[in-house]
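Source file target15.txt; content: compact mmCIF, C-alpha atoms.
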```txt
# COMPACT_ATOMS: atom_id res chain seq x y z
CA MET A 216 -20.30 10.91 -19.70
CA PHE A 217 -18.01 12.72 -17.21
CA TYR A 218 -20.72 15.23 -16.27
CA ARG A 219 -23.35 12.50 -15.89
CA THR A 220 -21.00 10.60 -13.54
CA LEU A 221 -20.24 13.79 -11.59
CA ALA A 222 -23.96 14.59 -11.24
CA TYR A 223 -24.69 11.04 -10.07
CA GLY A 224 -21.86 11.25 -7.52
CA LEU A 225 -23.17 14.53 -6.11
CA LEU A 226 -26.69 13.10 -5.85
CA VAL A 227 -25.43 10.04 -3.96
CA ALA A 228 -23.35 12.26 -1.64
CA LEU A 229 -26.41 14.37 -0.81
CA LEU A 230 -28.70 11.40 -0.28
CA PHE A 231 -26.34 9.45 1.93
CA ALA A 232 -24.59 12.22 3.86
CA PRO A 233 -24.45 11.50 7.61
CA PRO A 234 -26.99 13.33 9.76
CA GLY A 235 -24.32 15.56 11.26
CA GLY A 236 -23.51 17.03 7.84
CA ASN A 237 -25.26 19.88 6.06
CA ALA A 238 -27.37 17.82 3.65
CA GLY A 239 -31.03 17.76 4.62
CA GLN A 240 -30.60 20.23 7.45
CA GLU A 241 -32.12 23.51 8.45
CA GLU A 242 -29.95 26.61 8.16
CA ARG A 243 -27.32 26.45 10.90
CA GLU A 244 -27.66 29.45 13.20
CA GLY A 245 -25.51 28.38 16.15
CA GLU A 246 -25.20 25.96 19.02
CA GLY A 247 -27.42 27.02 21.94
CA VAL A 248 -30.69 28.39 23.32
CA TYR A 249 -30.68 32.19 23.61
CA VAL A 250 -32.97 35.21 23.91
CA LYS A 251 -32.34 37.62 21.01
CA GLU A 252 -33.51 40.91 19.55
CA ARG A 253 -34.60 40.19 15.97
CA CYS A 254 -35.76 42.50 13.17
CA ILE A 255 -37.77 42.04 10.00
CA THR A 256 -35.26 42.48 7.15
CA PRO A 257 -36.82 41.51 3.79
CA SER A 258 -33.48 41.79 1.93
CA ALA A 259 -31.64 39.35 4.23
CA HIS A 260 -30.29 35.98 3.08
CA MET A 261 -32.68 34.40 5.60
CA PRO A 262 -35.63 36.79 6.06
CA ILE A 263 -38.60 36.25 8.38
CA ILE A 264 -41.27 34.63 6.20
CA GLY A 265 -44.11 34.58 8.72
CA PHE A 266 -45.45 34.35 12.24
CA VAL A 267 -47.82 31.70 13.62
CA PRO A 268 -50.02 33.28 16.34
CA PRO A 269 -51.40 31.39 19.35
CA GLU A 270 -54.91 31.50 17.90
CA SER A 271 -53.67 28.68 15.61
CA TYR A 272 -52.74 26.52 18.62
CA GLU A 273 -54.71 23.63 20.13
CA LYS A 274 -54.93 25.31 23.56
CA PRO A 275 -53.91 28.99 23.38
CA CYS A 276 -54.53 29.38 27.12
CA ARG A 277 -51.49 27.14 27.76
CA VAL A 278 -49.00 29.44 25.98
CA PRO A 279 -47.47 30.71 29.28
CA THR A 280 -46.58 27.10 30.20
CA ALA A 281 -44.91 26.58 26.81
CA LEU A 282 -42.90 29.80 27.24
CA ASP A 283 -41.86 28.75 30.76
CA THR A 284 -40.57 25.50 29.26
CA ALA A 285 -38.74 27.38 26.50
CA ARG A 286 -37.09 29.72 29.02
CA SER A 287 -36.06 26.83 31.29
CA TYR A 288 -33.59 25.69 28.61
CA ARG A 289 -31.96 29.10 28.14
CA GLY A 290 -28.20 28.58 27.80
CA ALA A 291 -28.48 24.87 26.92
CA ALA A 292 -25.95 24.07 24.21
CA GLU A 293 -24.58 21.35 21.96
CA GLN A 294 -22.01 19.00 23.44
CA PRO A 295 -19.53 19.09 21.80
CA PRO A 296 -20.03 22.39 19.95
CA GLY A 297 -20.95 21.98 16.29
CA SER A 298 -22.27 18.43 16.77
CA ASN A 299 -26.07 18.91 16.88
CA SER A 300 -25.85 16.55 19.88
CA GLY A 301 -25.78 16.60 23.67
CA PRO A 302 -28.34 15.71 26.36
CA ALA A 303 -30.64 18.73 25.90
CA VAL A 304 -30.43 18.69 22.09
CA GLU A 305 -31.17 14.97 21.92
CA HIS A 306 -34.12 15.51 24.28
CA PHE A 307 -35.56 18.12 21.88
CA LEU A 308 -34.95 15.91 18.83
CA SER A 309 -36.55 12.87 20.47
CA SER A 310 -39.77 14.91 20.88
CA VAL A 311 -40.10 14.92 17.07
CA GLY A 312 -38.92 11.32 16.59
CA LEU A 313 -35.25 11.97 15.74
CA GLY A 314 -31.92 11.01 17.31
CA GLY A 315 -28.92 13.30 17.73
CA GLY A 316 -27.10 14.86 14.80
CA TYR A 317 -29.86 16.93 13.20
CA ALA A 318 -30.49 20.68 13.19
CA TRP A 319 -32.75 21.26 16.17
CA CYS A 320 -34.30 24.76 16.21
CA ALA A 321 -37.75 23.42 15.24
CA ALA A 322 -37.42 20.43 17.59
CA TYR A 323 -36.73 22.86 20.46
CA ALA A 324 -39.78 24.99 19.57
CA SER A 325 -41.95 21.89 19.10
CA HIS A 326 -40.82 20.41 22.43
CA SER A 327 -41.62 23.68 24.23
CA LEU A 328 -45.09 23.86 22.68
CA GLN A 329 -45.82 20.19 23.40
CA GLN A 330 -45.25 20.85 27.10
CA GLY A 331 -48.07 23.43 26.93
CA PRO A 332 -49.63 21.53 25.19
CA VAL A 333 -50.29 24.11 22.49
CA ARG A 334 -49.19 22.61 19.16
CA PRO A 335 -50.20 24.62 16.08
CA LEU A 336 -53.01 23.17 13.96
CA SER A 337 -53.03 23.01 10.16
CA GLU A 338 -56.01 24.06 8.02
CA GLU A 339 -57.19 20.42 8.20
CA GLY A 340 -56.99 20.42 12.01
CA ARG A 341 -53.83 18.26 12.14
CA ALA A 342 -51.41 19.07 14.98
CA ILE A 343 -48.03 20.18 13.58
CA ARG A 344 -45.06 18.48 15.27
CA SER A 345 -41.95 18.73 13.12
CA ALA A 346 -38.20 19.23 12.98
CA GLY A 347 -38.67 21.37 9.84
CA ALA A 348 -39.03 25.10 10.50
CA ARG A 349 -41.03 25.84 7.36
CA ASP A 350 -43.56 23.10 8.18
CA TYR A 351 -45.09 25.44 10.75
CA MET A 352 -46.12 27.82 7.97
CA ASP A 353 -48.88 25.26 7.22
CA ALA A 354 -50.71 26.48 10.34
CA LYS A 355 -54.32 27.54 9.92
CA LYS A 356 -53.39 31.18 10.54
CA THR A 357 -50.16 33.02 9.81
CA ILE A 358 -49.19 36.68 9.98
CA SER A 359 -47.24 38.42 7.22
CA PRO A 360 -43.99 40.09 8.31
CA ARG A 361 -44.79 42.93 5.90
CA ASP A 362 -47.97 43.73 7.87
CA VAL A 363 -46.07 43.59 11.16
CA ALA A 364 -43.23 45.85 9.95
CA ALA A 365 -45.79 48.36 8.63
CA GLY A 366 -47.53 48.46 12.02
CA ARG A 367 -50.80 47.02 10.67
CA VAL A 368 -50.67 43.89 12.88
CA ASP A 369 -49.02 43.07 16.21
CA VAL A 370 -47.61 39.60 16.90
CA PRO A 371 -48.80 38.12 20.21
CA LYS A 372 -46.34 36.80 22.76
CA GLY A 373 -45.88 33.04 22.33
CA SER A 374 -46.22 33.14 18.53
CA LEU A 375 -43.77 31.25 16.37
CA VAL A 376 -41.47 33.28 14.13
CA VAL A 377 -40.24 31.50 10.99
CA TRP A 378 -37.27 32.40 8.78
CA GLY A 379 -36.66 30.98 5.31
CA VAL A 380 -33.44 30.72 3.32
CA ARG A 381 -33.83 32.26 -0.13
CA GLY A 382 -33.99 29.66 -2.89
CA SER A 383 -34.12 26.78 -0.40
CA TRP A 384 -36.58 24.76 1.67
CA THR A 385 -34.46 25.28 4.79
CA GLY A 386 -35.10 27.82 7.53
CA HIS A 387 -35.06 28.64 11.23
CA ILE A 388 -37.70 29.11 13.92
CA GLY A 389 -38.14 30.64 17.37
CA LEU A 390 -40.77 31.80 19.85
CA VAL A 391 -41.80 35.45 20.31
CA LEU A 392 -41.18 36.87 23.81
CA SER A 393 -42.21 40.47 23.06
CA ASP A 394 -45.60 41.31 24.52
CA PRO A 395 -46.53 41.92 21.72
CA TRP A 396 -44.04 42.25 18.83
CA THR A 397 -44.98 45.65 17.38
CA GLY A 398 -43.32 47.03 14.25
CA ARG A 399 -39.99 45.94 12.81
CA CYS A 400 -38.18 44.42 15.81
CA GLY A 401 -39.01 42.07 18.68
CA ARG A 402 -37.54 39.67 21.23
CA THR A 403 -37.39 35.92 20.66
CA ILE A 404 -36.10 32.77 22.28
CA GLU A 405 -34.53 30.28 19.86
CA GLY A 406 -32.66 27.01 19.86
CA ASN A 407 -29.75 26.11 17.57
CA THR A 408 -28.74 29.77 17.45
CA SER A 409 -25.73 31.89 18.35
CA PRO A 410 -25.57 34.00 21.51
CA PRO A 411 -26.63 37.64 21.21
CA GLU A 412 -23.71 40.05 20.89
CA GLU A 413 -23.83 41.14 24.54
CA ASP A 414 -23.46 37.47 25.62
CA SER A 415 -20.62 36.71 23.19
```

The structure in this file should be written as structure tokens.
Amino acid sequence: MFYRTLAYGLLVALLFAPPGGNAGQEEREGEGVYVKERCITPSAHMPIIGFVPPESYEKPCRVPTALDTARSYRGAAEQPPGSNSGPAVEHFLSSVGLGGGYAWCAAYASHSLQQGPVRPLSEEGRAIRSAGARDYMDAKKTISPRDVAAGRVDVPKGSLVVWGVRGSWTGHIGLVLSDPWTGRCGRTIEGNTSPPEEDS
């Protein structure tokens, strides 16, 4: 009986946790928008699980506009730190139908792409607009990080890069700035992330 009550209590806590908590959130990476050098590391706790190239987008020719939008928010941060809130963050979240208090890396990427407009399309032709990083892996075309690391495929500038937490549905997402990303490492711009070491 004790264990059943404990399990029920944990379930209720997870279902009704406030949006600023960890329940139902993407993996927390940090509190701002930064350009970073990232590498494909299959053994990591949160490895790159795929890339979504611009050929999956509604209007690939508008990718430069989306990247200009993404760059215009560089340095934007949560106010106060650790809150998943603040004017810029709430602007990103509103673009996917959410208020403040939620993890916002995917909302930032989605907002940037919507300004293109270059939203990724699913296999069924549905435009993907989501606050969930892994939802973008439903795009009609994705690129395997294994192929990229081995040098078999390059990732075009403006692609999405998606990370996944092992054993979880949560993840993280950013936009590729390398022109192109070739081999193991490339440059990205991401929201809800920590500053690169040289900016710390």

Requested in this report: In Å, rounded to a single decimal, give me how far atom CA of A:Trp319 is from atom CA of A:Gly245.
Outcome: 10.2 Å

Got a sec: who's within 9 Å of A:Glu270, counting all atoms listed in the file, leaving out chain neighbours fewer than 6 positions off, as a compact mmCIF listing (two decimals) with C-alpha atoms, keeping the file's coordinate frame?
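Dumped to part_27.txt:
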```txt
# COMPACT_ATOMS: atom_id res chain seq x y z
CA PRO A 335 -50.20 24.62 16.08
CA LYS A 355 -54.32 27.54 9.92
CA LYS A 356 -53.39 31.18 10.54
CA SER A 374 -46.22 33.14 18.53
```

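A straight line drawn from atom CA of A:Pro269 to atom CA of A:Glu305 is 26.2 Å long.
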
Report task. Would you please work out which residue, of A:Val311, A:Val333, A:Val376, A:Cys320, is nearest to A:Pro360 when using all atoms listed in the file? Result -> A:Val376

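Closest approach to A:Leu282 among A:Gln330, A:Thr408, A:Thr397, A:Thr256 is made by A:Gln330 (distances from all atoms listed in the file).
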
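Residues of protein, DNA or RNA having at least one counted atom within 9 Å of (-35.8, 28.6, 26.6), given all atoms listed in the file, are Val248, Tyr249, Val250, Leu282, Asp283, Thr284, Ala285, Arg286, Ser287, Tyr288, Arg289, Gly290, Ala291, Tyr323, Ala324, Ser327, Leu390, Ile404, Glu405 and Gly406 of chain A.
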
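Residue nearest A:Arg253 within the list A:Ser309, A:Asn407, A:Gly398, A:Ala342: A:Gly398 [criterion: smallest interatomic distance, all atoms listed in the file].
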
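Closest approach to A:Leu392 among A:Gly312, A:Pro371, A:Pro410, A:Pro262: A:Pro371, based on all atoms listed in the file.
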
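When all atoms listed in the file are used to compute distances to A:Thr357, the closest of the residues A:Val380, A:Ala259, A:Val267, A:Leu375 turns out to be A:Val267.
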
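Here atom CA of A:Ser383 stands at a distance of 18.8 Å from atom CA of A:Ile255.
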
Report summary line: For A:Ser345, the closest of A:Glu273, A:Asn299, A:Ser325, A:Lys372 counting only C-alpha atoms is A:Ser325

Requested in this report: For A:Ser310, list every protein, DNA or RNA residue within 8 Å, evaluated using all atoms listed in the file, and leave out those in the same chain fewer than 3 positions away; present the list as an MDAnalysis selection string.
Outcome: chainID A and resid 306:307 313 322 325:326

Could you write those residues out with C-alpha atoms, as a short mmCIF file (atom, residue, chain, number, x, y, z; two decimals), in the coordinates of the input?
```
data_model
loop_
_atom_site.label_atom_id
_atom_site.label_comp_id
_atom_site.auth_asym_id
_atom_site.auth_seq_id
_atom_site.Cartn_x
_atom_site.Cartn_y
_atom_site.Cartn_z
CA HIS A 306 -34.12 15.51 24.28
CA PHE A 307 -35.56 18.12 21.88
CA LEU A 313 -35.25 11.97 15.74
CA ALA A 322 -37.42 20.43 17.59
CA SER A 325 -41.95 21.89 19.10
CA HIS A 326 -40.82 20.41 22.43
#
```

Any idea what's packed within 7 Å of A:Gly401, counting all atoms listed in the file, ignoring anything in its chain fewer than 2 positions away? Could you give it as a compact mmCIF listing (two decimals) with C-alpha atoms, in the coordinates of the input?
```txt
# COMPACT_ATOMS: atom_id res chain seq x y z
CA GLU A 252 -33.51 40.91 19.55
CA ARG A 253 -34.60 40.19 15.97
CA CYS A 254 -35.76 42.50 13.17
CA SER A 393 -42.21 40.47 23.06
CA TRP A 396 -44.04 42.25 18.83
CA THR A 403 -37.39 35.92 20.66
```
